[in-house]
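Peer 1: If you scroll down you'll find the structure; I have some questions about it.
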Amino acid sequence: MTDFLASAYPWIKALHVMAVISWMAGLFYLPRLFVYHAEREHIGQEPVQSFVIMEEKLLRMIMNPAMAVSWAAGLALVLTPGIVDWTMVWPWSKAAGVLGMSWFHMWLAVQRKALLAGRGLSGRRYRMMNELPTLLMLVIVLSVIVKF
Ligand code: HEM
């Protein structure tokens, strides 16, 4: 198994980066949709239904599978011999960033349902939360590239 992981390393890493790009695209875009959705809802404009469909498709068809593949390929990289040195700081800061990113994904899923039920937050709150994935991305990418 470890032999297979070692020989497949560049392919698994390529899959990981592709999945992460798709996941991040959704993590950046879905809260923007929530901002516009929440602001339209307050003025009672009609096109809210299109937001509902876009939000559901983005979460179910892109973000959920992309998160699953990011995790599966990421864990395969963790198990690859010689890749992660747990005595260093970077694997821990990366893990913290990734757990934060996964929490944010779950929070977005809960907010999608809240908006659907008319219990969503204000556009301003969604705008503020939109900064979180940017900060987490900074921590994750610096961890995995600089490897402090
Ligand atoms: C979902 C859970 C995740 C796990 C378990 C995980 C784990 C890993 C591991 C072990 C590596 C290999 C490091 C190496 O080859 O030296 C890696 C590479 C990488 N990860 Fe993740 N990762 C996860 C999520 C993410 C996320 C969310 C991002 C981006 C925001 C990300 C960005 C990257 C990048 C850019 C690389 C390639 C770095 C290089 O060139 O070596 N990962 N990941």
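Ordered as shown in the structure tokens, chains take letters A, B, and onward, while each chain numbers its residues from 1 and ligands are numbered from 1 in the order shown.
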Could you give me, as CSV, a per-residue list for chain A showing, wherever an atom lies at most 6 Å from an atom of ligand 1, the closest pair of atoms and their distance in Å to one decimal, using only C-alpha atoms and all ligand atoms and sorting by chain then residue number from low to high?
Peer 2:
```
residue,atom,partner,partner_atom_place_in_ligand_line,distance
A:Val17,CA,ligand 1,34 (C),5.6
A:Val20,CA,ligand 1,28 (C),5.3
A:Ser70,CA,ligand 1,1 (C),4.7
A:Trp71,CA,ligand 1,1 (C),3.7
A:Gly74,CA,ligand 1,4 (C),3.6
A:Leu75,CA,ligand 1,5 (C),4.4
A:Leu77,CA,ligand 1,10 (C),4.3
A:Val78,CA,ligand 1,10 (C),4.1
A:Ile83,CA,ligand 1,16 (O),5.4
A:Val98,CA,ligand 1,27 (C),5.3
A:Met137,CA,ligand 1,30 (C),4.5
A:Ile140,CA,ligand 1,30 (C),5.6
A:Val141,CA,ligand 1,32 (C),5.7
A:Val144,CA,ligand 1,38 (C),5.2
A:Ile145,CA,ligand 1,38 (C),5.4
```
Peer 1: Just the selected residues (N, CA and C atoms), exported as a CSV table (one decimal), in the first residue's frame, please.
Peer 2:
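That gives us selection_22.csv:
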```
chain,number,residue,atom,x,y,z
A,17,VAL,N,-4.8,19.0,-5.7
A,17,VAL,CA,-4.8,20.5,-6.1
A,17,VAL,C,-6.0,20.8,-6.9
A,20,VAL,N,-9.1,20.8,-4.7
A,20,VAL,CA,-9.0,22.0,-3.8
A,20,VAL,C,-9.4,23.3,-4.5
A,70,SER,N,-11.0,16.3,-2.1
A,70,SER,CA,-9.8,17.0,-1.4
A,70,SER,C,-9.4,16.3,-0.2
A,71,TRP,N,-10.4,15.8,0.6
A,71,TRP,CA,-10.1,15.1,1.9
A,71,TRP,C,-9.4,13.7,1.6
A,74,GLY,N,-6.0,14.3,0.1
A,74,GLY,CA,-5.2,14.9,1.1
A,74,GLY,C,-4.8,13.8,2.2
A,75,LEU,N,-5.7,12.9,2.6
A,75,LEU,CA,-5.4,11.9,3.6
A,75,LEU,C,-4.4,10.9,2.9
A,77,LEU,N,-2.1,11.6,0.8
A,77,LEU,CA,-0.8,12.3,0.8
A,77,LEU,C,-0.2,12.2,2.3
A,78,VAL,N,-1.1,12.3,3.3
A,78,VAL,CA,-0.6,12.2,4.7
A,78,VAL,C,0.0,10.8,4.9
A,83,ILE,N,6.3,12.2,3.6
A,83,ILE,CA,5.7,13.5,3.1
A,83,ILE,C,5.4,14.4,4.3
A,98,VAL,N,-7.4,23.5,7.6
A,98,VAL,CA,-8.3,22.6,6.8
A,98,VAL,C,-9.6,22.3,7.7
A,137,MET,N,-7.1,30.2,3.7
A,137,MET,CA,-6.3,29.8,2.6
A,137,MET,C,-4.9,30.3,2.7
A,140,ILE,N,-3.2,27.9,5.1
A,140,ILE,CA,-3.0,26.5,4.5
A,140,ILE,C,-1.9,26.6,3.4
A,141,VAL,N,-1.9,27.6,2.5
A,141,VAL,CA,-1.0,27.6,1.4
A,141,VAL,C,0.4,27.9,2.0
A,144,VAL,N,1.8,24.7,3.6
A,144,VAL,CA,2.2,23.6,2.7
A,144,VAL,C,3.3,23.9,1.7
A,145,ILE,N,3.5,25.2,1.4
A,145,ILE,CA,4.5,25.7,0.5
A,145,ILE,C,5.8,26.1,1.2
```
Peer 1: Using only C-alpha atoms, determine which residues lie at most 8 Å from stretch 130-136 of chain A, disregarding the query and same-chain residues fewer than 5 positions distant; provide the list as a PyMOL selection string.
Peer 2: chain A and resi 24+27-28+31-32+97-98+100-101+104
Peer 1: Just to be explicit: take each residue in the selection above, keep N, CA and C atoms, and write the result as a PDB file, in the first residue's frame.
Peer 2:
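Saved to selection.pdb:
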```pdb
ATOM      1  N   MET A  24     -12.497  25.488  -3.313  1.00  0.00           N
ATOM      2  CA  MET A  24     -12.292  26.883  -2.926  1.00  0.00           C
ATOM      3  C   MET A  24     -13.156  27.834  -3.758  1.00  0.00           C
ATOM      4  N   LEU A  27     -16.341  27.844  -2.054  1.00  0.00           N
ATOM      5  CA  LEU A  27     -16.270  28.472  -0.720  1.00  0.00           C
ATOM      6  C   LEU A  27     -16.184  29.995  -0.826  1.00  0.00           C
ATOM      7  N   PHE A  28     -15.623  30.481  -1.950  1.00  0.00           N
ATOM      8  CA  PHE A  28     -15.571  31.936  -2.148  1.00  0.00           C
ATOM      9  C   PHE A  28     -16.881  32.466  -2.731  1.00  0.00           C
ATOM     10  N   PRO A  31     -20.890  32.302  -0.405  1.00  0.00           N
ATOM     11  CA  PRO A  31     -21.264  33.415   0.475  1.00  0.00           C
ATOM     12  C   PRO A  31     -21.609  34.706  -0.282  1.00  0.00           C
ATOM     13  N   ARG A  32     -21.002  34.907  -1.476  1.00  0.00           N
ATOM     14  CA  ARG A  32     -21.362  36.074  -2.308  1.00  0.00           C
ATOM     15  C   ARG A  32     -22.813  35.940  -2.761  1.00  0.00           C
ATOM     16  N   GLY A  97      -6.086  24.821   9.618  1.00  0.00           N
ATOM     17  CA  GLY A  97      -6.712  25.579   8.529  1.00  0.00           C
ATOM     18  C   GLY A  97      -7.757  24.753   7.804  1.00  0.00           C
ATOM     19  N   VAL A  98      -7.433  23.483   7.572  1.00  0.00           N
ATOM     20  CA  VAL A  98      -8.333  22.596   6.830  1.00  0.00           C
ATOM     21  C   VAL A  98      -9.595  22.278   7.656  1.00  0.00           C
ATOM     22  N   GLY A 100     -10.826  24.318   9.859  1.00  0.00           N
ATOM     23  CA  GLY A 100     -11.587  25.577   9.788  1.00  0.00           C
ATOM     24  C   GLY A 100     -12.359  25.673   8.475  1.00  0.00           C
ATOM     25  N   MET A 101     -11.714  25.293   7.377  1.00  0.00           N
ATOM     26  CA  MET A 101     -12.342  25.362   6.052  1.00  0.00           C
ATOM     27  C   MET A 101     -13.541  24.396   5.999  1.00  0.00           C
ATOM     28  N   PHE A 104     -16.379  25.861   7.858  1.00  0.00           N
ATOM     29  CA  PHE A 104     -17.009  26.918   7.067  1.00  0.00           C
ATOM     30  C   PHE A 104     -17.966  26.315   6.023  1.00  0.00           C
TER      31      PHE A 104
END
```
Peer 1: For stretch 58-61 of chain A, please output as a list in words all residues within 7 Å (counting only C-alpha atoms; exclusion window: fewer than 4 positions along the same chain).
Peer 2: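 Returned residues: Gly26, Met54 and Pro65 of chain A.
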Peer 1: Since we have the selection now, will you write its residues out, keeping N, CA and C atoms, as a compact mmCIF listing (two decimals), in the first residue's frame?
Peer 2:
```
# COMPACT_ATOMS: atom_id res chain seq x y z
N GLY A 26 -16.11 27.34 -4.82
CA GLY A 26 -17.43 27.34 -4.17
C GLY A 26 -17.41 28.06 -2.83
N MET A 54 -29.29 28.24 -7.73
CA MET A 54 -27.83 28.35 -7.90
C MET A 54 -27.11 27.87 -6.65
N PRO A 65 -18.84 17.18 -3.61
CA PRO A 65 -17.87 16.23 -4.17
C PRO A 65 -16.43 16.75 -4.12
```
Peer 1: List as a ChimeraX atom specification the protein and nucleic acid residues near A:Ser122, meaning an atom at most 12 Å away when only C-alpha atoms are counted, but skip any in the same chain fewer than 6 places from it.
Peer 2: /A:31,34-42,111,114-115,128-129
Peer 1: From a backbone DSSP assignment, name each residue in chain A labelled helix (DSSP H, G or I), as a PyMOL selection string.
Peer 2: chain A and resi 2-43+48-79+90-116+123-129+132-146
Peer 1: When you draw a straight line from atom CA of A:Arg125 to atom CA of A:Ala66, how long is it in Å?
Peer 2: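 Separation between atom CA of A:Arg125 and atom CA of A:Ala66: 25.5 Å.
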Peer 1: Grab the atom CA of A:Arg124 to atom CA of A:Ile62 distance for me, in Å with one decimal place.
Peer 2: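 Atom-to-atom, atom CA of A:Arg124 to atom CA of A:Ile62, that is 25.3 Å.
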Peer 1: So what do you get for atom CA of A:Met88 versus atom CA of A:Ala76, distance-wise?
Peer 2: 19.1 Å
Peer 1: With only C-alpha atoms as the counted atoms, please give the residues lying no more than 9 Å from A:Tyr9, apart from itself and same-chain residues fewer than 3 positions off, as a count of residues only.
Peer 2: 9
Peer 1: As number ranges by chain, please: the residues near A:Val52 (cut-off 9 Å, only C-alpha atoms, same-chain neighbours under 4 positions excluded).
Peer 2: A: 37, 48, 56-57, 112, 115-116
Peer 1: Using only C-alpha atoms, which residue out of A:Asp3, A:Gly118, A:Ala8, A:Phe148 lies closest to A:Asp85?
Peer 2: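 Smallest distance to A:Asp85 is found for A:Phe148.
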